[in-house]
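What follows is one structure encoded as structure tokens, with my remarks underneath.
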Amino acid sequence: MRAQQKAAQVRLMGFDVDGVLTDGSLLFGPQGEELKVFHTLDGHGLKMLQEAGIVVAVISGRGSRGLELRAASLGIQYLYQNVHDKTAALGELLDKLQIPAEHAGYMGDDVVDLPILRRCGFTASPADGHPLVHRHVDYVSTRAGGRGAAREVCDFILGAQGKLDAMHAVYLG
């Protein structure tokens with residue numbers, strides 16, 4: 001099945017954080033707090049998915065207060081941090097929402113994401129993701145992680161579902 005056909009079926013889209021919603025850099029403040037840099041393009045894409053009725057989840061092996069604040073500001077209800085088994089977390093969420101795995105998507109960048117990617121119906125990776133991950137996903141963005149890659153995937157999903165033009169029309173008057 002082609003990537004566009006798979007994206008058309010997405011009802012829940014999950015995202016990794018480091019390397020997907022950020023550029024993968026780990027910054028630490030003077031008190032040891034972890035700092036993350038997020039791109040506004042990606043944030044608006046996640047909001048557009050939610051406005052289109054697609055559930056957005058963030059499932060990350062790491063955690064930070066900054067991520068909590070960013071997820072809250074975007075209205076993301078399903079935030080899973082410090083997750084050692086992303087596939088199990090996804091499975092619990094799918095059961096809770098009664099969504100079959102073939103209607104779930106995930107965007108990851110590194111080999112640790114392969115198990116969750118292999119569980120989903122639609123999969124994506126940023127342009128600078130690991131080459132092995134690229135061989136196992138449906139869509140590789142032209143943009144790097146933390147630099148609009150997630151937005152590109154959001155637009156791809158919305159386009160595949162025939163919703164993108166109407167969402168953009170709001171801004172065109």
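A note on labels: chains of the structure tokens are A, B, ... as shown, every chain counts residues from 1, and ligands are counted from 1 in their shown order.
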Neighbours of A:Thr87 within 8 Å (only C-alpha atoms; same-chain residues fewer than 2 positions away dropped), as a PDB file with N, CA and C atoms, in the first residue's frame?
ATOM      1  N   ASP A  85       9.448   1.184  26.795  1.00  0.00           N
ATOM      2  CA  ASP A  85       8.820   0.338  25.778  1.00  0.00           C
ATOM      3  C   ASP A  85       7.734   1.163  25.076  1.00  0.00           C
ATOM      4  N   ALA A  89       3.414   1.335  25.245  1.00  0.00           N
ATOM      5  CA  ALA A  89       2.670   2.581  25.504  1.00  0.00           C
ATOM      6  C   ALA A  89       1.674   2.842  24.386  1.00  0.00           C
ATOM      7  N   LEU A  90       2.101   2.644  23.152  1.00  0.00           N
ATOM      8  CA  LEU A  90       1.187   2.812  22.015  1.00  0.00           C
ATOM      9  C   LEU A  90       0.042   1.818  22.105  1.00  0.00           C
ATOM     10  N   GLY A  91       0.346   0.571  22.418  1.00  0.00           N
ATOM     11  CA  GLY A  91      -0.691  -0.451  22.528  1.00  0.00           C
ATOM     12  C   GLY A  91      -1.744  -0.097  23.560  1.00  0.00           C
ATOM     13  N   PRO A 115      10.804  -0.785  16.680  1.00  0.00           N
ATOM     14  CA  PRO A 115       9.689  -1.626  17.153  1.00  0.00           C
ATOM     15  C   PRO A 115       8.327  -0.924  17.092  1.00  0.00           C
ATOM     16  N   ILE A 116       8.251   0.338  17.515  1.00  0.00           N
ATOM     17  CA  ILE A 116       6.963   1.040  17.465  1.00  0.00           C
ATOM     18  C   ILE A 116       6.583   1.351  16.014  1.00  0.00           C
ATOM     19  N   ARG A 119       4.851  -1.432  14.299  1.00  0.00           N
ATOM     20  CA  ARG A 119       3.498  -1.721  14.802  1.00  0.00           C
ATOM     21  C   ARG A 119       2.428  -0.867  14.121  1.00  0.00           C
TER      22      ARG A 119
END
Checklist entry - Which of stretch 28-115 of chain A counts as strand (DSSP E) under DSSP, as a ChimeraX atom specification please? => result /A:28,34-35,55-59,78-80,104-107
Next on the checklist: Using only C-alpha atoms, which protein or nucleic acid residues come within 12 Å of A:Val37? Drop anything in the same chain fewer than 6 positions from it, and give the result as a ChimeraX atom specification.
Outcome noted: /A:17-28,43,64,66-67,69-70,145-147
Take the residues just selected and output them with N, CA, C and O atoms as a short mmCIF file (atom, residue, chain, number, x, y, z; two decimals), in the first residue's frame.
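Writing the result to selection_14.cif gives the following:
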data_model
loop_
_atom_site.label_atom_id
_atom_site.label_comp_id
_atom_site.auth_asym_id
_atom_site.auth_seq_id
_atom_site.Cartn_x
_atom_site.Cartn_y
_atom_site.Cartn_z
N VAL A 17 10.37 12.63 20.27
CA VAL A 17 10.76 14.02 20.55
C VAL A 17 12.17 14.31 20.04
O VAL A 17 12.34 15.03 19.07
N ASP A 18 13.18 13.75 20.69
CA ASP A 18 14.57 14.07 20.34
C ASP A 18 14.90 13.53 18.95
O ASP A 18 14.85 12.33 18.71
N GLY A 19 15.19 14.44 18.03
CA GLY A 19 15.49 14.07 16.66
C GLY A 19 14.29 14.16 15.74
O GLY A 19 14.44 14.05 14.53
N VAL A 20 13.11 14.36 16.30
CA VAL A 20 11.88 14.51 15.49
C VAL A 20 11.26 15.88 15.75
O VAL A 20 11.18 16.71 14.85
N LEU A 21 10.80 16.11 16.97
CA LEU A 21 10.25 17.42 17.32
C LEU A 21 11.35 18.40 17.73
O LEU A 21 11.09 19.60 17.85
N THR A 22 12.55 17.89 17.98
CA THR A 22 13.73 18.72 18.21
C THR A 22 14.82 18.25 17.25
O THR A 22 14.67 17.21 16.60
N ASP A 23 15.92 18.98 17.20
CA ASP A 23 17.01 18.57 16.31
C ASP A 23 17.88 17.47 16.92
O ASP A 23 18.87 17.06 16.32
N GLY A 24 17.53 17.00 18.09
CA GLY A 24 18.25 15.92 18.74
C GLY A 24 19.34 16.40 19.68
O GLY A 24 19.94 15.59 20.40
N SER A 25 19.60 17.69 19.71
CA SER A 25 20.61 18.21 20.63
C SER A 25 20.10 18.14 22.06
O SER A 25 18.91 18.33 22.32
N LEU A 26 21.00 17.86 22.99
CA LEU A 26 20.65 17.85 24.40
C LEU A 26 21.38 19.01 25.05
O LEU A 26 22.60 19.04 25.12
N LEU A 27 20.61 19.99 25.53
CA LEU A 27 21.16 21.18 26.17
C LEU A 27 20.84 21.12 27.66
O LEU A 27 19.71 20.82 28.04
N PHE A 28 21.84 21.43 28.49
CA PHE A 28 21.63 21.41 29.92
C PHE A 28 21.94 22.78 30.50
O PHE A 28 22.98 23.37 30.19
N GLY A 43 4.81 22.72 15.67
CA GLY A 43 3.73 22.91 16.63
C GLY A 43 2.40 23.18 15.95
O GLY A 43 1.37 22.63 16.32
N SER A 64 11.21 15.76 30.09
CA SER A 64 11.66 17.05 30.61
C SER A 64 10.45 17.92 30.91
O SER A 64 9.38 17.75 30.34
N GLY A 66 10.32 21.00 30.08
CA GLY A 66 10.10 21.77 28.86
C GLY A 66 9.16 21.06 27.91
O GLY A 66 8.30 21.70 27.29
N LEU A 67 9.30 19.75 27.79
CA LEU A 67 8.40 18.97 26.93
C LEU A 67 6.98 19.01 27.48
O LEU A 67 6.02 19.15 26.72
N LEU A 69 5.60 21.39 29.17
CA LEU A 69 5.05 22.71 28.89
C LEU A 69 4.68 22.85 27.41
O LEU A 69 3.63 23.41 27.08
N ARG A 70 5.54 22.34 26.52
CA ARG A 70 5.25 22.44 25.08
C ARG A 70 4.01 21.63 24.73
O ARG A 70 3.13 22.10 24.00
N GLY A 145 14.80 16.85 11.54
CA GLY A 145 14.12 16.84 12.82
C GLY A 145 14.28 18.17 13.53
O GLY A 145 15.35 18.76 13.53
N GLY A 146 13.18 18.67 14.10
CA GLY A 146 13.20 19.94 14.79
C GLY A 146 13.26 21.15 13.87
O GLY A 146 13.35 22.28 14.32
N ARG A 147 13.16 20.91 12.58
CA ARG A 147 13.26 21.98 11.58
C ARG A 147 12.11 21.91 10.57
O ARG A 147 12.27 22.22 9.41
#
Item to check | Exercise: A:Leu132 partners within 12 Å, only C-alpha atoms, chain neighbours under 6 positions left out, as a PyMOL selection string | outcome: chain A and resi 108-114+117+125+140
Dump N, CA and C atoms for the selected residues as a PDB file, in the first residue's frame?
ATOM      1  N   GLY A 108       9.510   8.535  13.902  1.00  0.00           N
ATOM      2  CA  GLY A 108      10.700   8.322  14.712  1.00  0.00           C
ATOM      3  C   GLY A 108      11.950   8.497  13.869  1.00  0.00           C
ATOM      4  N   ASP A 109      13.072   8.640  14.536  1.00  0.00           N
ATOM      5  CA  ASP A 109      14.309   8.931  13.804  1.00  0.00           C
ATOM      6  C   ASP A 109      15.435   7.937  14.006  1.00  0.00           C
ATOM      7  N   ASP A 110      15.382   7.099  15.039  1.00  0.00           N
ATOM      8  CA  ASP A 110      16.532   6.249  15.334  1.00  0.00           C
ATOM      9  C   ASP A 110      16.098   4.791  15.472  1.00  0.00           C
ATOM     10  N   VAL A 111      17.078   3.909  15.512  1.00  0.00           N
ATOM     11  CA  VAL A 111      16.796   2.472  15.523  1.00  0.00           C
ATOM     12  C   VAL A 111      15.961   2.048  16.727  1.00  0.00           C
ATOM     13  N   VAL A 112      16.046   2.788  17.845  1.00  0.00           N
ATOM     14  CA  VAL A 112      15.220   2.447  19.004  1.00  0.00           C
ATOM     15  C   VAL A 112      13.734   2.631  18.705  1.00  0.00           C
ATOM     16  N   ASP A 113      13.406   3.350  17.635  1.00  0.00           N
ATOM     17  CA  ASP A 113      12.009   3.561  17.244  1.00  0.00           C
ATOM     18  C   ASP A 113      11.476   2.460  16.329  1.00  0.00           C
ATOM     19  N   LEU A 114      12.332   1.592  15.838  1.00  0.00           N
ATOM     20  CA  LEU A 114      11.882   0.572  14.891  1.00  0.00           C
ATOM     21  C   LEU A 114      10.762  -0.322  15.425  1.00  0.00           C
ATOM     22  N   LEU A 117       7.564   1.690  15.199  1.00  0.00           N
ATOM     23  CA  LEU A 117       7.280   1.967  13.791  1.00  0.00           C
ATOM     24  C   LEU A 117       6.704   0.732  13.104  1.00  0.00           C
ATOM     25  N   SER A 125       9.846   9.377   9.060  1.00  0.00           N
ATOM     26  CA  SER A 125      11.119   9.731   9.684  1.00  0.00           C
ATOM     27  C   SER A 125      11.604  11.052   9.093  1.00  0.00           C
ATOM     28  N   VAL A 140       9.750   9.611   4.217  1.00  0.00           N
ATOM     29  CA  VAL A 140      10.912  10.314   4.751  1.00  0.00           C
ATOM     30  C   VAL A 140      10.756  11.776   4.352  1.00  0.00           C
TER      31      VAL A 140
END
Item to check | Nearest candidate to A:His39 (options A:Ala149, A:Asp155, A:Ala71, A:Asp165; using only C-alpha atoms) | outcome: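 Of A:Ala149, A:Asp155, A:Ala71, A:Asp165, the one nearest A:His39, counting only C-alpha atoms, is A:Ala149.
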Item to check | Selection near A:Ile99, 8 Å with only C-alpha atoms, sequence-local residues under 4 positions removed, as a list in words | outcome: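 Residues near the query, excluding close chain neighbours: Arg11, Leu12, Leu94, Asp95, His103 and Ala104 of chain A.
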Item to check | Pairwise distance for atom CA of A:Met13 and atom CA of A:Gly105, rounded to one decimal in Å | outcome: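 Going from atom CA of A:Met13 over to atom CA of A:Gly105, I get 4.6 Å.
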Next on the checklist: Using only C-alpha atoms, which protein or nucleic acid residues come within 7 Å of A:Asp128? Drop anything in the same chain fewer than 2 positions from it, and give the result as a PyMOL selection string.
Outcome noted: chain A and resi 126+130+144-145
Restricting the output to N, CA and C atoms, write the selected residues as a PDB file, in the first residue's frame.
ATOM      1  N   PRO A 126      12.327  11.839   9.883  1.00  0.00           N
ATOM      2  CA  PRO A 126      12.904  13.078   9.348  1.00  0.00           C
ATOM      3  C   PRO A 126      14.028  12.770   8.357  1.00  0.00           C
ATOM      4  N   HIS A 130      18.076   8.002  11.004  1.00  0.00           N
ATOM      5  CA  HIS A 130      19.032   6.933  10.728  1.00  0.00           C
ATOM      6  C   HIS A 130      18.681   6.217   9.420  1.00  0.00           C
ATOM      7  N   ALA A 144      14.718  18.311   8.205  1.00  0.00           N
ATOM      8  CA  ALA A 144      15.370  17.665   9.341  1.00  0.00           C
ATOM      9  C   ALA A 144      14.495  17.715  10.588  1.00  0.00           C
ATOM     10  N   GLY A 145      14.803  16.849  11.536  1.00  0.00           N
ATOM     11  CA  GLY A 145      14.119  16.844  12.819  1.00  0.00           C
ATOM     12  C   GLY A 145      14.278  18.168  13.527  1.00  0.00           C
TER      13      GLY A 145
END
In chain A, DSSP alpha helix (DSSP H) residues written as a tab-separated table (two decimals) with C-alpha atoms, in the first residue's frame:
chain	number	residue	atom	x	y	z
A	3	ALA	CA	2.26	6.00	1.77
A	4	GLN	CA	-0.58	8.31	0.79
A	5	GLN	CA	-3.16	5.52	1.15
A	6	LYS	CA	-1.77	4.62	4.58
A	7	ALA	CA	-1.74	8.27	5.69
A	40	THR	CA	6.78	26.65	15.51
A	41	LEU	CA	6.04	25.02	12.14
A	42	ASP	CA	5.94	21.62	13.82
A	43	GLY	CA	3.73	22.91	16.63
A	44	HIS	CA	1.17	24.33	14.22
A	45	GLY	CA	1.14	21.06	12.30
A	46	LEU	CA	0.33	19.12	15.47
A	47	LYS	CA	-2.47	21.57	16.24
A	48	MET	CA	-3.86	21.19	12.71
A	49	LEU	CA	-3.94	17.40	13.08
A	50	GLN	CA	-5.95	17.80	16.27
A	51	GLU	CA	-8.31	20.29	14.64
A	65	ARG	CA	9.61	19.83	32.11
A	66	GLY	CA	10.10	21.77	28.86
A	67	LEU	CA	8.40	18.97	26.93
A	68	GLU	CA	5.50	18.98	29.40
A	69	LEU	CA	5.05	22.71	28.89
A	70	ARG	CA	5.25	22.44	25.08
A	71	ALA	CA	2.74	19.58	24.95
A	72	ALA	CA	0.35	21.48	27.22
A	73	SER	CA	0.64	24.63	25.09
A	86	LYS	CA	7.20	2.72	23.29
A	87	THR	CA	5.33	-0.12	21.59
A	88	ALA	CA	3.61	-1.07	24.86
A	89	ALA	CA	2.67	2.58	25.50
A	90	LEU	CA	1.19	2.81	22.01
A	91	GLY	CA	-0.69	-0.45	22.53
A	92	GLU	CA	-2.25	0.83	25.75
A	93	LEU	CA	-3.32	4.04	24.04
A	94	LEU	CA	-4.78	2.20	21.06
A	95	ASP	CA	-6.75	-0.05	23.42
A	96	LYS	CA	-7.97	2.93	25.41
A	97	LEU	CA	-9.11	4.81	22.30
A	114	LEU	CA	11.88	0.57	14.89
A	115	PRO	CA	9.69	-1.63	17.15
A	116	ILE	CA	6.96	1.04	17.47
A	117	LEU	CA	7.28	1.97	13.79
A	118	ARG	CA	6.76	-1.66	12.81
A	119	ARG	CA	3.50	-1.72	14.80
A	131	PRO	CA	19.42	5.21	7.33
A	132	LEU	CA	18.06	1.91	8.70
A	133	VAL	CA	14.92	3.69	9.88
A	134	HIS	CA	14.53	5.25	6.44
A	149	ALA	CA	9.94	17.63	9.56
A	150	ALA	CA	6.91	16.94	11.74
A	151	ARG	CA	4.95	19.71	10.01
A	152	GLU	CA	5.75	18.20	6.63
A	153	VAL	CA	4.36	14.87	7.82
A	154	CYS	CA	1.27	16.54	9.31
A	155	ASP	CA	0.64	18.28	5.97
A	156	PHE	CA	1.14	14.97	4.15
A	157	ILE	CA	-1.43	13.23	6.36
A	158	LEU	CA	-3.94	16.07	6.05
A	159	GLY	CA	-3.42	16.17	2.28
A	160	ALA	CA	-3.94	12.42	2.01
A	164	LEU	CA	-5.30	20.30	4.00
A	165	ASP	CA	-6.70	22.73	1.42
A	166	ALA	CA	-9.71	23.57	3.60
A	167	MET	CA	-7.45	24.15	6.60
A	168	HIS	CA	-5.21	26.46	4.58
A	169	ALA	CA	-8.25	28.28	3.13
A	170	VAL	CA	-8.93	29.76	6.57
A	171	TYR	CA	-5.69	31.74	6.25
A	172	LEU	CA	-6.29	32.80	2.67
